[in-house]
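Presented below is the structure to which this report refers.
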Amino acid sequence: MSTFSSLSGALSALYSQQRGMDVTGQNIANANTDGYSRQRVDLKSVGGSPVPAMNSLPDPSSGGVTVTGVERVQDAFLEARGRIEHAQNSYLADQNQVFTEVQQAFNEPSDTGVQAQLSDVWSAWHDLANNPGDASVRTQVLSRATTLSDTLHSTHDSLSSLFSTTREQFDAYVTDVNTTAGQIAKLNASIVQANNAGLPANDLSDQRDQLVMHLSEVAGATAHVQTDGSASVYLGGSSLVNGGSARLIAASGATRLDDVAATPVTLTWADNGTAVTPQSGQMASMLQTMNGALPHYSAQLDGVAANLAAAVNAVHTTGYDKAGNAGQPFFVSSDGGPVTAATIMVGISNPDEVAASSDPAAGGTLDGTNADAIAGIASSVGGPDQTYRQLIADLGVAGQTADRQAGIQSSLMNAVDSAREAQSGVNLDEEMTNLITYQRAYQAAARVMSTIDATLDTLINHTGS
């Protein structure tokens, strides 16, 4: 082996081990950096020339070592799995939160919820049946019925407010997705350019992966890395980001809960108006909430109000008030249309007009049989109480299911994240070991150079003297 070629090999070792220490230092410096993937130096031995020369045989051990690249340590399968699990976790966590807020809107069981107000109304009618001529008892019937109407209004308003808040947040997420997609497209262009120029792009790739994960959580996006280093991002099965270009999405549809039936909230591509249907992520949960859960429970509450009005009015109009006049509808709609939770109101304001009697001759003073019949609605099959209890029971089961699913998915996501962290995260103990390894190799290469230097000094300065 040539002495001078040994110097070249030792020098390449110094450069390579120094690069290894630099990369290890970078890993240690970013041990707590969110989204950072640890890097690894790829080393390759350099042998002699494979092309033979005349009267010359190259020494295969004289080439030394070279750095072929610095790669991010990642498992593509785990990264894809992580995006899927994060998207599903965002969907289920948001659904769990929605059901929690819907349950808070109904506020059951409580002393101020609809169920308690219904019980108070039937109790007031019982009192009126026992004291049909008492003006204060008549006033109590109207007061408690008004309170029940107000409670139905406030419950509907809470659902409407939840819809409006979700709708505003949905619009904000549309803007967020469009902005993030544009950032990914710019990073794609920079990464491809860096790869073509042989420049490092690992930090840019880390930034892009974080943005892709964000899109997965928000909109259930998926991604695939192309051979040129760019990442193609898909939303609802269609391309959102392709190389250095990104598409825009837009939201349309109802902005009020009462308008959803006519114009559901939709997500579309801005360039052609085609519908986008995310299968997971927060935006998928929001669409389900705005077009499914909230209209469903609002309609159920409207059914309770309509049932209440129909049942009470059916009996009240067959009775007679204090003056012996036929009873008028007790519950009416404030807008003249069908009775709903938002429009229900007490239709009479004069306590004397409460039709407590079934006998016009009694004039509602001595006879309270009609009031007693109205009080009996509380136990009627298919009545408002039974309808409302069924609504609350269904809501409770749905909320419990959402909570359990969210808990299971959270555990699954954490397990996948732990596997990703074990693969791509920085382990300080491992990095310290690598640092010592590179340091010792550097010292050994330096010792080789000093040994060769001493040999050359002997050959040049002391041979033949």
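The way I read the labels, and the way they are meant: chains A, B, ... in the order of the structure tokens, residue 1 as the first residue of every chain, and ligand 1 as the first ligand shown, with later ones counted on from there.
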Check segment 11-132 of chain A with DSSP on the backbone and list each residue it calls helix (DSSP H, G or I), as a ChimeraX atom specification.
/A:11-29,76-106,114-130
Kindly provide the residues of segment 248-274 of chain A that approach segment 172-194 of chain A to within 10 Å, each paired with its closest atom pair and their distance in Å to one decimal, based on only C-alpha atoms, listed by chain and increasing number, as a Markdown table.
| residue | atom | partner | partner_atom | distance |
| --- | --- | --- | --- | --- |
| A:Leu248 | CA | A:Asn178 | CA | 5.5 |
| A:Ile249 | CA | A:Val174 | CA | 6.6 |
| A:Ala250 | CA | A:Val174 | CA | 6.4 |
| A:Ala251 | CA | A:Val174 | CA | 7.0 |
| A:Leu267 | CA | A:Val174 | CA | 8.6 |
Residues of the last selection are to be written out with all heavy atoms, as a compact mmCIF listing (two decimals), in the first residue's frame.
# COMPACT_ATOMS: atom_id res chain seq x y z
N LEU A 248 -57.66 24.71 -4.08
CA LEU A 248 -58.39 25.38 -3.01
C LEU A 248 -59.73 24.69 -2.78
O LEU A 248 -60.34 24.14 -3.70
CB LEU A 248 -58.62 26.85 -3.35
CG LEU A 248 -57.37 27.70 -3.57
CD1 LEU A 248 -57.77 29.13 -3.94
CD2 LEU A 248 -56.48 27.71 -2.33
N ILE A 249 -60.20 24.74 -1.55
CA ILE A 249 -61.53 24.23 -1.21
C ILE A 249 -62.38 25.39 -0.72
O ILE A 249 -61.86 26.45 -0.35
CB ILE A 249 -61.47 23.12 -0.13
CG1 ILE A 249 -60.79 23.65 1.14
CG2 ILE A 249 -60.75 21.90 -0.66
CD1 ILE A 249 -60.81 22.66 2.30
N ALA A 250 -63.69 25.20 -0.73
CA ALA A 250 -64.62 26.24 -0.30
C ALA A 250 -65.79 25.61 0.44
O ALA A 250 -66.15 24.45 0.20
CB ALA A 250 -65.12 27.04 -1.50
N ALA A 251 -66.38 26.39 1.34
CA ALA A 251 -67.55 25.93 2.11
C ALA A 251 -68.78 26.69 1.65
O ALA A 251 -68.72 27.88 1.32
CB ALA A 251 -67.32 26.15 3.60
N LEU A 267 -68.76 20.94 1.41
CA LEU A 267 -67.37 21.30 1.15
C LEU A 267 -67.09 20.94 -0.31
O LEU A 267 -67.36 19.81 -0.72
CB LEU A 267 -66.43 20.54 2.09
CG LEU A 267 -64.94 20.90 2.05
CD1 LEU A 267 -64.73 22.32 2.55
CD2 LEU A 267 -64.14 19.93 2.90
Please report, as a list in words, each residue of segment 236-456 of chain A to which DSSP assigns strand (DSSP E) when run on this structure's backbone.
Ser238, Ser239, Leu240, Val241, Asn242, Ser245, Ala246, Ile249, Ala250, Ala251, Ser252, Thr266, Leu267, Thr268, Trp269, Phe331, Val332, Ser333, Ile344, Met345 and Val346 of chain A
Save out the residues we just selected, N, CA, C and O atoms, as a compact mmCIF listing (two decimals), in the first residue's frame.
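Listed below is the output, part_26.txt:
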# COMPACT_ATOMS: atom_id res chain seq x y z
N SER A 238 -59.26 12.89 -3.74
CA SER A 238 -58.80 13.73 -4.85
C SER A 238 -57.55 14.49 -4.44
O SER A 238 -57.28 14.70 -3.26
N SER A 239 -56.78 14.92 -5.45
CA SER A 239 -55.51 15.57 -5.19
C SER A 239 -55.70 16.97 -4.63
O SER A 239 -56.42 17.80 -5.21
N LEU A 240 -55.07 17.23 -3.50
CA LEU A 240 -55.06 18.57 -2.91
C LEU A 240 -53.75 19.29 -3.23
O LEU A 240 -53.75 20.47 -3.58
N VAL A 241 -52.64 18.56 -3.11
CA VAL A 241 -51.32 19.11 -3.44
C VAL A 241 -50.62 18.14 -4.37
O VAL A 241 -50.53 16.94 -4.08
N ASN A 242 -50.15 18.66 -5.50
CA ASN A 242 -49.41 17.84 -6.46
C ASN A 242 -48.15 18.60 -6.84
O ASN A 242 -48.21 19.60 -7.57
N SER A 245 -47.94 22.65 -6.83
CA SER A 245 -49.23 23.31 -7.01
C SER A 245 -50.24 22.77 -6.00
O SER A 245 -50.18 21.60 -5.61
N ALA A 246 -51.15 23.63 -5.59
CA ALA A 246 -52.17 23.25 -4.60
C ALA A 246 -53.54 23.74 -5.06
O ALA A 246 -53.66 24.81 -5.67
N ILE A 249 -60.20 24.74 -1.55
CA ILE A 249 -61.53 24.23 -1.21
C ILE A 249 -62.38 25.39 -0.72
O ILE A 249 -61.86 26.45 -0.35
N ALA A 250 -63.69 25.20 -0.73
CA ALA A 250 -64.62 26.24 -0.30
C ALA A 250 -65.79 25.61 0.44
O ALA A 250 -66.15 24.45 0.20
N ALA A 251 -66.38 26.39 1.34
CA ALA A 251 -67.55 25.93 2.11
C ALA A 251 -68.78 26.69 1.65
O ALA A 251 -68.72 27.88 1.32
N SER A 252 -69.90 26.00 1.62
CA SER A 252 -71.16 26.63 1.24
C SER A 252 -72.29 25.97 2.00
O SER A 252 -72.11 24.93 2.64
N THR A 266 -71.89 22.12 2.79
CA THR A 266 -71.09 21.28 1.90
C THR A 266 -69.67 21.83 1.78
O THR A 266 -69.43 23.02 1.99
N LEU A 267 -68.76 20.94 1.41
CA LEU A 267 -67.37 21.30 1.15
C LEU A 267 -67.09 20.94 -0.31
O LEU A 267 -67.36 19.81 -0.72
N THR A 268 -66.58 21.89 -1.08
CA THR A 268 -66.37 21.67 -2.51
C THR A 268 -65.00 22.14 -2.94
O THR A 268 -64.34 22.93 -2.24
N TRP A 269 -64.57 21.66 -4.11
CA TRP A 269 -63.36 22.19 -4.74
C TRP A 269 -63.69 23.54 -5.36
O TRP A 269 -64.69 23.67 -6.07
N PHE A 331 -101.51 26.20 23.70
CA PHE A 331 -100.18 26.48 23.12
C PHE A 331 -100.35 26.83 21.65
O PHE A 331 -101.08 26.15 20.91
N VAL A 332 -99.67 27.87 21.22
CA VAL A 332 -99.71 28.29 19.81
C VAL A 332 -98.30 28.58 19.34
O VAL A 332 -97.34 28.58 20.12
N SER A 333 -98.19 28.85 18.04
CA SER A 333 -96.88 29.19 17.46
C SER A 333 -96.76 30.71 17.36
O SER A 333 -97.71 31.39 16.94
N ILE A 344 -92.98 27.84 20.13
CA ILE A 344 -94.06 27.53 21.04
C ILE A 344 -94.25 28.63 22.07
O ILE A 344 -93.27 29.20 22.58
N MET A 345 -95.49 28.95 22.36
CA MET A 345 -95.81 29.95 23.37
C MET A 345 -97.22 29.69 23.91
O MET A 345 -98.02 28.99 23.27
N VAL A 346 -97.50 30.23 25.08
CA VAL A 346 -98.83 30.10 25.67
C VAL A 346 -99.77 31.06 24.95
O VAL A 346 -99.48 32.26 24.83
At a cut-off of 6 Å, using only C-alpha atoms, what residues contact segment 401-407 of chain A? Leave out same-chain residues fewer than 2 positions from it and give the result as a ChimeraX atom specification.
/A:92-93,96,398-399,409-410
Quick one: everything within 7 Å of segment 352-359 of chain A, counting only C-alpha atoms, minus sequence neighbours fewer than 6 positions away in the same chain. Send it as a PyMOL selection string.
chain A and resi 129+132+138+316+319-322+327+367-371
Any chance you could export the current selection's all heavy atoms as a compact mmCIF listing (two decimals), in the first residue's frame?
# COMPACT_ATOMS: atom_id res chain seq x y z
N ALA A 129 -107.15 21.39 39.10
CA ALA A 129 -108.29 20.46 39.16
C ALA A 129 -108.90 20.43 40.55
O ALA A 129 -110.12 20.24 40.71
CB ALA A 129 -107.82 19.06 38.75
N PRO A 132 -110.44 24.82 41.06
CA PRO A 132 -110.70 25.47 39.76
C PRO A 132 -111.10 26.93 39.87
O PRO A 132 -110.97 27.69 38.90
CB PRO A 132 -111.84 24.63 39.17
CG PRO A 132 -112.51 24.00 40.34
CD PRO A 132 -111.43 23.75 41.34
N ARG A 138 -104.81 29.41 38.80
CA ARG A 138 -104.90 29.61 37.36
C ARG A 138 -103.67 30.36 36.84
O ARG A 138 -103.13 30.04 35.78
CB ARG A 138 -106.17 30.38 37.02
CG ARG A 138 -107.44 29.56 37.20
CD ARG A 138 -108.69 30.40 36.97
NE ARG A 138 -109.87 29.55 36.95
CZ ARG A 138 -110.36 28.99 35.84
NH1 ARG A 138 -109.77 29.21 34.68
NH2 ARG A 138 -111.44 28.22 35.90
N HIS A 316 -107.76 20.85 26.01
CA HIS A 316 -108.15 22.19 26.46
C HIS A 316 -109.31 22.74 25.64
O HIS A 316 -110.20 23.41 26.17
CB HIS A 316 -106.94 23.13 26.37
CG HIS A 316 -107.15 24.44 27.07
ND1 HIS A 316 -107.57 25.58 26.40
CD2 HIS A 316 -107.02 24.80 28.37
CE1 HIS A 316 -107.67 26.58 27.26
NE2 HIS A 316 -107.33 26.13 28.47
N GLY A 319 -112.83 21.82 26.78
CA GLY A 319 -113.29 22.31 28.07
C GLY A 319 -113.85 23.71 27.98
O GLY A 319 -114.02 24.28 26.89
N TYR A 320 -114.10 24.28 29.19
CA TYR A 320 -114.73 25.59 29.27
C TYR A 320 -114.00 26.43 30.30
O TYR A 320 -113.53 25.91 31.33
CB TYR A 320 -116.21 25.45 29.63
CG TYR A 320 -116.97 24.64 28.61
CD1 TYR A 320 -117.10 23.25 28.76
CD2 TYR A 320 -117.52 25.25 27.50
CE1 TYR A 320 -117.78 22.50 27.82
CE2 TYR A 320 -118.21 24.50 26.54
CZ TYR A 320 -118.33 23.12 26.70
OH TYR A 320 -118.99 22.39 25.76
N ASP A 321 -113.89 27.73 30.01
CA ASP A 321 -113.16 28.62 30.91
C ASP A 321 -114.08 29.06 32.06
O ASP A 321 -115.20 28.57 32.21
CB ASP A 321 -112.59 29.80 30.15
CG ASP A 321 -113.66 30.68 29.52
OD1 ASP A 321 -114.84 30.53 29.88
OD2 ASP A 321 -113.31 31.50 28.64
N LYS A 322 -113.61 30.02 32.81
CA LYS A 322 -114.33 30.45 34.02
C LYS A 322 -115.66 31.09 33.70
O LYS A 322 -116.61 31.03 34.49
CB LYS A 322 -113.44 31.42 34.81
CG LYS A 322 -113.90 31.64 36.25
CD LYS A 322 -112.84 32.42 37.00
CE LYS A 322 -113.21 32.54 38.48
NZ LYS A 322 -112.18 33.26 39.26
N GLY A 327 -112.99 26.44 25.47
CA GLY A 327 -111.56 26.67 25.60
C GLY A 327 -110.88 26.94 24.25
O GLY A 327 -111.25 26.36 23.22
N ASP A 367 -115.98 23.00 38.71
CA ASP A 367 -115.62 21.77 38.02
C ASP A 367 -114.18 21.86 37.51
O ASP A 367 -113.83 22.80 36.79
CB ASP A 367 -116.58 21.54 36.86
CG ASP A 367 -116.23 20.28 36.08
OD1 ASP A 367 -115.67 19.35 36.69
OD2 ASP A 367 -116.49 20.24 34.86
N GLY A 368 -113.37 20.86 37.86
CA GLY A 368 -111.97 20.85 37.38
C GLY A 368 -111.62 19.58 36.64
O GLY A 368 -110.44 19.22 36.57
N THR A 369 -112.62 18.91 36.09
CA THR A 369 -112.36 17.63 35.43
C THR A 369 -111.51 17.78 34.17
O THR A 369 -110.71 16.90 33.84
CB THR A 369 -113.69 16.93 35.08
OG1 THR A 369 -114.51 17.82 34.29
CG2 THR A 369 -114.45 16.53 36.33
N ASN A 370 -111.67 18.89 33.46
CA ASN A 370 -110.87 19.08 32.25
C ASN A 370 -109.41 19.34 32.62
O ASN A 370 -108.48 18.86 31.95
CB ASN A 370 -111.43 20.25 31.43
CG ASN A 370 -110.95 20.18 29.97
OD1 ASN A 370 -111.13 19.17 29.31
ND2 ASN A 370 -110.33 21.26 29.50
N ALA A 371 -109.19 20.08 33.68
CA ALA A 371 -107.83 20.31 34.16
C ALA A 371 -107.19 18.99 34.59
O ALA A 371 -106.00 18.75 34.36
CB ALA A 371 -107.83 21.30 35.32
Give me the residues within 7 Å of Thr317 of chain A as JSON, numbers by chain, counting only C-alpha atoms and dropping any in the same chain fewer than 6 places off.
{"A": [326, 327, 328, 329]}
So the first atom is atom CA of His224 of chain A and the second is atom CA of Val212 of chain A; what is the distance between them in Å, to one decimal place?
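Interatomic distance here is 10.2 Å.
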Contacts of Gln390 of chain A within 12 Å, only C-alpha atoms, excl. fewer than 4 positions in-chain, as a PyMOL selection string
chain A and resi 115+297+300-301+303-304+381-386+394-397
Write a file of the just-selected residues containing N, CA and C atoms, as a short mmCIF file (atom, residue, chain, number, x, y, z; two decimals), in the first residue's frame.
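After the write, out39.cif holds the following:
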data_model
loop_
_atom_site.label_atom_id
_atom_site.label_comp_id
_atom_site.auth_asym_id
_atom_site.auth_seq_id
_atom_site.Cartn_x
_atom_site.Cartn_y
_atom_site.Cartn_z
N GLN A 115 -87.60 18.32 31.42
CA GLN A 115 -88.32 17.29 32.16
C GLN A 115 -88.87 17.83 33.47
N TYR A 297 -81.31 16.30 16.68
CA TYR A 297 -81.78 16.57 18.03
C TYR A 297 -82.68 17.80 18.07
N GLN A 300 -85.98 16.43 17.02
CA GLN A 300 -86.56 15.67 18.13
C GLN A 300 -87.17 16.62 19.16
N LEU A 301 -86.47 17.71 19.44
CA LEU A 301 -87.00 18.70 20.39
C LEU A 301 -88.24 19.37 19.83
N GLY A 303 -90.31 17.94 17.91
CA GLY A 303 -91.35 16.92 18.06
C GLY A 303 -91.95 16.93 19.45
N VAL A 304 -91.12 17.14 20.46
CA VAL A 304 -91.62 17.23 21.84
C VAL A 304 -92.54 18.43 21.98
N VAL A 381 -99.41 7.33 26.93
CA VAL A 381 -98.48 6.63 26.05
C VAL A 381 -98.25 7.47 24.81
N GLY A 382 -96.99 7.71 24.48
CA GLY A 382 -96.67 8.53 23.32
C GLY A 382 -96.81 10.01 23.57
N GLY A 383 -97.03 10.39 24.82
CA GLY A 383 -97.17 11.80 25.16
C GLY A 383 -95.84 12.53 25.16
N PRO A 384 -95.87 13.84 25.46
CA PRO A 384 -94.63 14.63 25.43
C PRO A 384 -93.58 14.15 26.43
N ASP A 385 -94.02 13.70 27.60
CA ASP A 385 -93.05 13.23 28.60
C ASP A 385 -92.31 11.99 28.08
N GLN A 386 -93.05 11.03 27.56
CA GLN A 386 -92.43 9.82 27.05
C GLN A 386 -91.52 10.12 25.86
N ASP A 394 -81.76 8.34 24.25
CA ASP A 394 -80.99 8.14 23.02
C ASP A 394 -79.74 9.02 23.01
N LEU A 395 -79.89 10.25 23.47
CA LEU A 395 -78.74 11.15 23.53
C LEU A 395 -77.69 10.64 24.50
N GLY A 396 -78.14 10.13 25.63
CA GLY A 396 -77.19 9.59 26.61
C GLY A 396 -76.41 8.41 26.07
N VAL A 397 -77.10 7.50 25.37
CA VAL A 397 -76.43 6.33 24.79
C VAL A 397 -75.43 6.77 23.73
#
Separation of atom CA of Ser6 of chain A from atom CA of Ala454 of chain A in Å
13.0 Å
Mind pulling up the distance from atom CA of Asn89 of chain A to atom CA of Thr277 of chain A?
17.5 Å
Write out as a list of chain:residue names each polymer residue whose atoms come within 9 Å of Pro351 of chain A, counting only C-alpha atoms; drop sequence neighbours fewer than 4 positions from it.
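Residues near the query, excluding close chain neighbours: A:Ala135, A:Ser136, A:Val137, A:Arg138, A:Thr139, A:Gln140, A:Val141, A:Leu142, A:Asp321, A:Lys322.
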Go ahead and dump the residues you just picked, N, CA, C and O atoms, as an mmCIF file, in the first residue's frame.
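Resulting contents of result-v4.cif:
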data_model
loop_
_atom_site.group_PDB
_atom_site.id
_atom_site.type_symbol
_atom_site.label_atom_id
_atom_site.label_comp_id
_atom_site.auth_asym_id
_atom_site.auth_seq_id
_atom_site.Cartn_x
_atom_site.Cartn_y
_atom_site.Cartn_z
ATOM 1 N N ALA A 135 -107.916 31.967 41.601
ATOM 2 C CA ALA A 135 -107.249 32.769 40.565
ATOM 3 C C ALA A 135 -105.734 32.569 40.606
ATOM 4 O O ALA A 135 -105.068 32.565 39.552
ATOM 5 N N SER A 136 -105.181 32.400 41.809
ATOM 6 C CA SER A 136 -103.721 32.243 41.902
ATOM 7 C C SER A 136 -103.266 30.914 41.291
ATOM 8 O O SER A 136 -102.192 30.841 40.685
ATOM 9 N N VAL A 137 -104.085 29.885 41.429
ATOM 10 C CA VAL A 137 -103.745 28.587 40.845
ATOM 11 C C VAL A 137 -103.807 28.680 39.324
ATOM 12 O O VAL A 137 -102.984 28.107 38.613
ATOM 13 N N ARG A 138 -104.806 29.405 38.803
ATOM 14 C CA ARG A 138 -104.898 29.607 37.359
ATOM 15 C C ARG A 138 -103.669 30.361 36.835
ATOM 16 O O ARG A 138 -103.127 30.038 35.783
ATOM 17 N N THR A 139 -103.268 31.358 37.586
ATOM 18 C CA THR A 139 -102.079 32.127 37.187
ATOM 19 C C THR A 139 -100.836 31.250 37.204
ATOM 20 O O THR A 139 -99.952 31.367 36.350
ATOM 21 N N GLN A 140 -100.792 30.345 38.202
ATOM 22 C CA GLN A 140 -99.655 29.428 38.285
ATOM 23 C C GLN A 140 -99.580 28.522 37.059
ATOM 24 O O GLN A 140 -98.485 28.235 36.555
ATOM 25 N N VAL A 141 -100.712 28.064 36.544
ATOM 26 C CA VAL A 141 -100.720 27.226 35.344
ATOM 27 C C VAL A 141 -100.084 27.981 34.178
ATOM 28 O O VAL A 141 -99.228 27.445 33.462
ATOM 29 N N LEU A 142 -100.507 29.236 33.977
ATOM 30 C CA LEU A 142 -99.958 30.031 32.869
ATOM 31 C C LEU A 142 -98.471 30.310 33.076
ATOM 32 O O LEU A 142 -97.681 30.259 32.123
ATOM 33 N N ASP A 321 -113.895 27.729 30.012
ATOM 34 C CA ASP A 321 -113.165 28.617 30.914
ATOM 35 C C ASP A 321 -114.077 29.059 32.055
ATOM 36 O O ASP A 321 -115.199 28.566 32.211
ATOM 37 N N LYS A 322 -113.610 30.020 32.810
ATOM 38 C CA LYS A 322 -114.327 30.447 34.023
ATOM 39 C C LYS A 322 -115.663 31.090 33.704
ATOM 40 O O LYS A 322 -116.614 31.029 34.490
#
